[in-house]
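Novice: This is query_8.txt, which holds compact mmCIF, C-alpha atoms:
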```
# COMPACT_ATOMS: atom_id res chain seq x y z
CA MET A 291 -6.07 58.36 -13.88
CA THR A 292 -6.46 56.71 -17.27
CA THR A 293 -9.77 55.71 -18.78
CA SER A 294 -8.72 52.06 -18.92
CA ALA A 295 -8.12 52.04 -15.19
CA LEU A 296 -11.71 53.00 -14.37
CA PRO A 297 -13.32 49.66 -15.30
CA VAL A 298 -10.67 47.80 -13.27
CA GLN A 299 -11.33 49.89 -10.15
CA PHE A 300 -15.07 49.62 -10.68
CA ARG A 301 -14.88 45.85 -10.94
CA ARG A 302 -12.78 45.70 -7.78
CA ARG A 303 -15.32 47.75 -5.85
CA VAL A 304 -18.22 45.69 -7.14
CA LYS A 305 -16.36 42.52 -6.23
CA ALA A 306 -15.61 43.82 -2.72
CA HIS A 307 -19.24 44.82 -2.10
CA THR A 308 -20.48 41.51 -3.52
CA SER A 309 -18.12 39.57 -1.25
CA SER A 310 -19.36 41.52 1.76
CA ALA A 311 -22.99 40.84 0.87
CA ILE A 312 -22.30 37.14 0.35
CA ALA A 313 -20.48 36.97 3.67
CA VAL A 314 -23.43 38.55 5.49
CA LEU A 315 -25.93 36.23 3.79
CA ALA A 316 -23.78 33.19 4.60
CA ALA A 317 -23.52 34.25 8.24
CA VAL A 318 -27.28 34.77 8.50
CA ALA A 319 -28.01 31.46 6.75
CA THR A 320 -25.68 29.61 9.11
CA LEU A 321 -27.30 31.25 12.12
CA VAL A 322 -30.83 30.41 10.97
CA ALA A 323 -29.88 26.81 10.10
CA GLY A 324 -28.24 26.22 13.48
CA TRP A 325 -31.21 27.83 15.19
CA GLN A 326 -33.66 25.58 13.35
CA VAL A 327 -31.69 22.50 14.36
CA ALA A 328 -31.82 23.67 17.97
CA VAL A 329 -35.61 24.09 17.70
CA VAL A 330 -35.99 20.52 16.45
CA VAL A 331 -33.63 19.04 19.04
CA GLY A 332 -34.51 21.22 22.03
CA ASN A 333 -37.77 21.29 23.91
CA ARG A 334 -38.06 24.96 24.82
CA VAL A 335 -36.13 26.77 22.08
CA PRO A 336 -38.50 29.23 20.37
CA SER A 337 -38.73 29.09 16.59
CA PRO A 338 -37.45 31.90 14.37
CA GLY A 339 -41.04 32.80 13.52
CA ASP A 340 -42.09 33.16 17.17
CA THR A 341 -38.97 35.18 17.91
CA LEU A 342 -39.57 37.56 15.01
CA ASP A 343 -43.19 37.99 16.11
CA ARG A 344 -42.00 39.00 19.57
CA LEU A 345 -39.47 41.37 18.03
CA ALA A 346 -42.24 42.96 15.97
CA ALA A 347 -44.29 43.35 19.14
CA GLU A 348 -41.36 45.05 20.87
CA GLN A 349 -41.04 47.43 17.94
CA ALA A 350 -44.77 48.20 18.06
CA ALA A 351 -44.47 48.91 21.80
CA GLY A 352 -41.68 51.41 21.13
CA GLN A 353 -39.05 49.36 22.92
CA LEU A 354 -36.87 48.15 20.05
CA TRP A 355 -35.29 51.35 18.74
CA HIS A 356 -35.39 53.11 22.10
CA GLN A 357 -33.42 50.43 23.96
CA LEU A 358 -31.15 49.88 20.98
CA ALA A 359 -30.28 53.58 20.84
CA ILE A 360 -29.44 53.58 24.55
CA SER A 361 -27.12 50.58 24.21
CA THR A 362 -25.49 51.96 21.05
CA ASN A 363 -24.68 55.28 22.71
CA ARG A 364 -23.13 53.55 25.70
CA PHE A 365 -21.15 51.22 23.48
CA LEU A 366 -19.79 53.92 21.18
CA LEU A 367 -18.73 56.10 24.11
CA GLY A 368 -16.90 53.26 25.88
CA LEU A 369 -15.34 52.00 22.65
CA ALA A 370 -14.13 55.49 21.64
CA LEU A 371 -12.43 55.89 25.01
CA ALA A 372 -10.85 52.43 24.69
CA LEU A 373 -9.54 53.22 21.20
CA VAL A 374 -8.05 56.59 22.16
CA VAL A 375 -6.43 55.43 25.40
CA GLY A 376 -5.43 52.04 23.96
CA ALA A 377 -3.84 53.54 20.85
CA ALA A 378 -1.83 56.03 22.92
CA LEU A 379 -0.61 53.37 25.34
CA GLY A 380 0.06 50.89 22.52
CA VAL A 381 2.24 53.31 20.58
CA LEU A 382 4.02 54.31 23.79
CA MET A 383 4.71 50.67 24.68
CA GLY A 384 5.90 49.95 21.15
CA LEU A 385 8.35 52.83 21.13
CA SER A 386 9.52 52.81 24.76
CA ARG A 387 11.06 49.82 26.51
CA LEU A 388 10.35 51.40 29.90
CA ALA A 389 6.65 51.87 29.10
CA ASP A 390 6.48 48.30 27.83
CA LEU A 391 7.84 46.98 31.12
CA ALA A 392 5.50 49.22 33.09
CA PHE A 393 2.26 48.29 31.34
CA SER A 394 2.78 44.81 29.85
CA ASP A 395 1.78 42.86 32.98
CA LEU A 396 -1.30 45.01 33.52
CA THR A 397 -2.29 44.50 29.90
CA MET A 398 -1.92 40.73 30.15
CA ALA A 399 -4.01 40.76 33.32
CA GLY A 400 -6.67 42.74 31.48
CA LEU A 401 -6.72 40.19 28.68
CA ALA A 402 -7.15 37.37 31.19
CA ILE A 403 -10.15 38.95 32.90
CA PRO A 404 -13.42 37.98 31.15
CA ALA A 405 -16.08 40.55 30.40
CA VAL A 406 -18.45 39.07 32.97
CA ILE A 407 -15.99 39.93 35.76
CA TRP A 408 -15.78 43.54 34.58
CA ALA A 409 -19.58 43.69 34.45
CA LEU A 410 -19.90 42.44 38.02
CA LEU A 411 -17.15 44.72 39.31
CA THR A 412 -18.50 47.86 37.65
CA THR A 413 -21.97 47.06 38.96
CA MET A 414 -20.58 46.93 42.50
CA TRP A 415 -18.51 50.09 41.94
CA PHE A 416 -21.04 52.33 40.20
CA GLY A 417 -24.42 50.70 40.79
CA PHE A 418 -27.29 51.00 38.33
CA GLY A 419 -26.64 53.74 35.79
CA TRP A 420 -24.99 54.67 32.51
CA LEU A 421 -21.47 54.61 33.98
CA THR A 422 -21.56 50.84 34.62
CA PRO A 423 -21.99 49.70 30.97
CA VAL A 424 -19.73 52.44 29.59
CA THR A 425 -16.90 51.51 31.96
CA THR A 426 -17.39 47.81 31.22
CA VAL A 427 -17.13 48.44 27.49
CA PHE A 428 -13.99 50.51 28.06
CA LEU A 429 -12.26 47.94 30.29
CA SER A 430 -13.28 44.98 28.11
CA GLY A 431 -11.95 46.48 24.89
CA LEU A 432 -8.89 48.37 26.14
CA PRO A 433 -6.39 45.45 26.48
CA PHE A 434 -7.05 44.21 22.93
CA VAL A 435 -6.36 47.65 21.49
CA ILE A 436 -3.15 48.06 23.48
CA VAL A 437 -1.75 44.64 22.54
CA ASN A 438 -2.42 44.94 18.80
CA ILE A 439 -1.19 48.52 18.49
CA ALA A 440 1.94 47.82 20.55
CA LYS A 441 2.77 44.76 18.45
CA ALA A 442 2.35 46.69 15.20
CA THR A 443 4.44 49.59 16.50
CA ARG A 444 7.29 47.24 17.45
CA ALA A 445 7.22 45.87 13.90
CA VAL A 446 8.07 49.29 12.45
CA PRO A 447 11.74 49.13 11.27
CA ALA A 448 13.84 50.84 13.93
CA ASP A 449 16.40 51.94 11.32
CA LEU A 450 13.70 53.85 9.48
CA VAL A 451 12.68 55.74 12.61
CA LEU A 452 16.32 56.44 13.56
CA MET A 453 17.07 57.72 10.06
CA ALA A 454 14.10 60.07 10.18
CA ARG A 455 15.20 61.39 13.55
CA ALA A 456 18.78 61.78 12.31
CA PHE A 457 17.56 64.01 9.48
CA GLY A 458 15.68 66.15 11.97
CA VAL A 459 12.19 64.97 11.16
CA PRO A 460 9.87 66.09 13.98
CA ARG A 461 8.51 63.36 16.25
CA VAL A 462 4.92 64.21 15.33
CA GLN A 463 5.71 63.76 11.64
CA VAL A 464 7.44 60.44 12.36
CA LEU A 465 4.34 59.21 14.13
CA ARG A 466 2.03 60.45 11.36
CA GLN A 467 3.98 59.35 8.29
CA ILE A 468 5.91 56.28 9.47
CA VAL A 469 4.26 54.75 12.51
CA ALA A 470 0.59 55.44 11.66
CA PRO A 471 0.61 53.78 8.19
CA ALA A 472 2.44 50.77 9.61
CA VAL A 473 -0.12 50.18 12.34
CA ALA A 474 -3.21 50.92 10.23
CA GLY A 475 -3.96 47.27 9.43
CA SER A 476 -3.40 46.17 13.02
CA SER A 477 -5.62 49.02 14.20
CA VAL A 478 -8.58 47.48 12.37
CA ALA A 479 -7.77 44.10 13.91
CA ALA A 480 -7.60 45.80 17.31
CA VAL A 481 -11.00 47.38 16.72
CA ARG A 482 -12.44 44.00 15.73
CA PHE A 483 -11.23 42.22 18.87
CA ALA A 484 -12.20 45.18 21.04
CA ILE A 485 -15.72 45.30 19.58
CA MET A 486 -16.34 41.60 20.17
CA SER A 487 -15.18 41.72 23.77
CA ALA A 488 -16.75 45.10 24.55
CA TRP A 489 -20.06 44.14 22.92
CA ASN A 490 -20.30 41.11 25.21
CA GLY A 491 -19.32 43.29 28.14
CA LEU A 492 -22.12 45.74 27.30
CA LEU A 493 -24.75 42.99 27.30
CA LEU A 494 -23.53 41.63 30.63
CA ALA A 495 -23.25 45.06 32.25
CA GLU A 496 -26.80 45.94 31.22
CA TRP A 497 -27.95 42.50 32.37
CA PHE A 498 -26.51 42.90 35.87
CA GLY A 499 -26.32 46.65 36.45
CA SER A 500 -28.79 48.62 34.37
CA THR A 501 -32.48 49.40 34.06
CA SER A 502 -32.39 50.12 30.33
CA GLY A 503 -30.71 48.88 27.18
CA VAL A 504 -30.64 45.68 25.16
CA GLY A 505 -29.09 43.63 27.98
CA TRP A 506 -31.68 44.81 30.48
CA ARG A 507 -34.53 44.05 28.08
CA SER A 508 -33.11 40.56 27.50
CA ARG A 509 -33.09 39.92 31.24
CA TYR A 510 -36.61 41.35 31.52
CA TRP A 511 -38.00 38.60 29.29
CA TYR A 512 -35.70 35.98 30.81
CA ASP A 513 -37.01 36.72 34.29
CA ALA A 514 -40.55 36.59 32.89
CA ASN A 515 -39.76 33.09 31.55
CA GLN A 516 -40.63 34.26 28.03
CA LEU A 517 -37.83 32.77 25.98
CA ASP A 518 -39.10 34.16 22.70
CA GLY A 519 -38.56 37.68 24.05
CA PHE A 520 -35.15 36.73 25.38
CA PHE A 521 -34.13 35.21 22.04
CA ALA A 522 -35.49 38.23 20.16
CA TRP A 523 -33.11 40.62 21.92
CA VAL A 524 -30.18 38.23 21.73
CA LEU A 525 -30.85 37.99 17.98
CA VAL A 526 -30.67 41.79 17.71
CA PHE A 527 -27.40 41.74 19.61
CA VAL A 528 -25.83 39.06 17.37
CA LEU A 529 -27.04 40.54 14.08
CA LEU A 530 -25.65 43.97 14.92
CA LEU A 531 -22.25 42.44 15.62
CA VAL A 532 -22.28 40.46 12.35
CA ILE A 533 -23.42 43.45 10.28
CA ALA A 534 -20.81 45.75 11.81
CA ASP A 535 -18.05 43.23 11.16
CA GLN A 536 -19.01 42.37 7.60
CA LEU A 537 -20.23 45.72 6.25
CA ILE A 538 -18.03 48.18 8.14
CA LEU A 539 -14.88 46.60 9.55
CA GLY A 540 -14.28 44.21 6.65
CA PRO A 541 -14.28 46.89 3.92
CA LEU A 542 -12.31 49.21 6.23
CA GLU A 543 -9.61 46.59 6.70
CA ARG A 544 -9.38 46.02 2.95
CA TYR A 545 -9.07 49.75 2.40
CA VAL A 546 -6.26 50.40 4.88
CA THR A 547 -4.33 47.34 3.67
CA ARG A 548 -4.94 47.89 -0.05
CA TRP A 549 -1.22 48.58 -0.57
CA ARG A 550 -0.47 44.92 0.11
CA SER A 551 -2.22 43.83 -3.09
CA ALA A 552 -1.15 46.81 -5.19
```
Take the structure I supplied and represent it as structure tokens, if you would.
Specialist:
Amino acid sequence: MTTSALPVQFRRRVKAHTSSAIAVLAAVATLVAGWQVAVVVGNRVPSPGDTLDRLAAEQAAGQLWHQLAISTNRFLLGLALALVVGAALGVLMGLSRLADLAFSDLTMAGLAIPAVIWALLTTMWFGFGWLTPVTTVFLSGLPFVIVNIAKATRAVPADLVLMARAFGVPRVQVLRQIVAPAVAGSSVAAVRFAIMSAWNGLLLAEWFGSTSGVGWRSRYWYDANQLDGFFAWVLVFVLLLVIADQLILGPLERYVTRWRSA
């Protein structure tokens, strides 16, 4: 690496981090502005100040981080399962015509089912417990992972794969050095779609079929007719999604697709 290249890379990193920060600030500003308009127009919409006061009270009562940790653990477990199973099925469908025919209709059906249906079904299947939200997260995110990975795998040049196989390259090496780099960008897109759907599924599953977590706490205040408490937990839910997308997934996508602008 030359000395002259260091300032260029440094400027690129600073620019990337600055863009991420600006994106987060813009998203928060838009959210607050829309919220303030709703307060002026609506009769019962709590103000940002009242909502933050309630959130501070929840933190003082020891509920904020405790319930957030419970929901995060459930979400990460369900999402990890969806990514592992979805990536395996997606690659299999992209490489095998038979597997594509076997799973394509099921995948399309999964995409058509909204998260609220999965939440209701898992509540009836498993009752109140940790398995209901974890399974909902898994089922909500799985179809999006499969579709994106399968599409990216099909886009890998077949001649390249055939040539590698003709020269005796092991299948594992083909997957690691040819297929994996080709699907890296689509994998981030798959994670993005899966997170959005699974995150909503988590809230609904905890709303209907749990006695702990962010969704349950939201319903607690909703049933108590305390909309400031309800809005406080919904705000936590939305902000976590925005932060994860802008500060984690955005830079990750730029990193795995950096070869496109090289």
Novice: Can you tell me how far CA of Leu391 (chain A) sits from CA of Val375 (chain A), in Å to one decimal?
Specialist: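 About the pair CA of Leu391 (chain A) and CA of Val375 (chain A): they are 17.5 Å apart.
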Novice: Point out the residue among A:Leu432, A:Ile538, A:Val437, A:Leu452 with the least atom-to-atom distance to Gly368 (chain A), counting all atoms listed in the file.
Specialist: A:Leu432
Novice: For Asn438 (chain A), find every residue with an atom within 8 Å (counting all atoms listed in the file), except residues of its own chain fewer than 3 positions away, and show them as a list of chain:residue names.
Specialist: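 The contact residues come out as A:Gly380, A:Phe434, A:Val435, A:Lys441, A:Ala442, A:Ser476, A:Ser477, A:Ala479, A:Ala480.
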Novice: Please return the centre and edge lengths, in Å to one decimal, of a box with edges along x, y and z that contains all listed atoms of region 341-346 of chain A, widened by 8 Å on every side, as JSON.
Specialist:
```
{"center_x": -41.1, "center_y": 39.1, "center_z": 17.3, "size_x": 20.2, "size_y": 23.8, "size_z": 20.6}
```
Novice: A:Phe520, A:Phe483, A:Phe498, A:Phe393: which is nearest Gly419 (chain A), counting all atoms listed in the file?
Specialist: A:Phe498
Novice: Could you pull the residues within 9 Å of Leu385 (chain A), counting all atoms listed in the file, minus those fewer than 5 positions along the same chain, as a list in words?
Specialist: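 Once the nearby chain positions are removed, what remains is Gly380, Asp390, Ala440, Thr443 and Arg444 of chain A.
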Novice: Would you compute the distance between CA of Thr413 (chain A) and CA of Leu396 (chain A)? Give it in Å to one decimal.
Specialist: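 Straight-line distance from CA of Thr413 (chain A) to CA of Leu396 (chain A) works out to 21.5 Å.
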Novice: Leu367 (chain A): which residues within 10 Å, counting all atoms listed in the file, same-chain residues fewer than 3 positions away excluded, as a PyMOL selection string?
Specialist: chain A and resi 362-364+370-372+423-425+427-428
Novice: Neighbours of Thr426 (chain A) within 6 Å (only C-alpha atoms; same-chain residues fewer than 5 positions away dropped), as a count of residues only?
Specialist: 3
Novice: In Å, with one decimal, what is the gap from CA of Arg344 (chain A) to CA of Leu517 (chain A)?
Specialist: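 Straight-line distance from CA of Arg344 (chain A) to CA of Leu517 (chain A) works out to 9.9 Å.
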Novice: For the point (-30.4, 30.5, 17.2) in the file's frame, write as a list of chain:residue names all residues with an atom no more than 10 Å away, counting all atoms listed in the file.
Specialist: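 Within 10 Å of (-30.4, 30.5, 17.2), the protein and nucleic acid residues are A:Thr320, A:Leu321, A:Val322, A:Ala323, A:Gly324, A:Trp325, A:Gln326, A:Val327, A:Ala328, A:Val329, A:Val335, A:Pro336, A:Ser337, A:Pro338, A:Thr341, A:Phe521, A:Ala522, A:Val524, A:Leu525, A:Val528.
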Novice: For the point (-38.8, 38.6, 27.9) in the file's frame, write as a list in words all residues with an atom no more than 12 Å away, counting all atoms listed in the file.
Specialist: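 Protein and nucleic acid residues near the point are Thr341, Arg344, Leu345, Ala347, Glu348, Gln353, Val504, Gly505, Trp506, Arg507, Ser508, Arg509, Tyr510, Trp511, Tyr512, Asp513, Ala514, Asn515, Gln516, Leu517, Asp518, Gly519, Phe520, Phe521, Ala522, Trp523 and Val524 of chain A.
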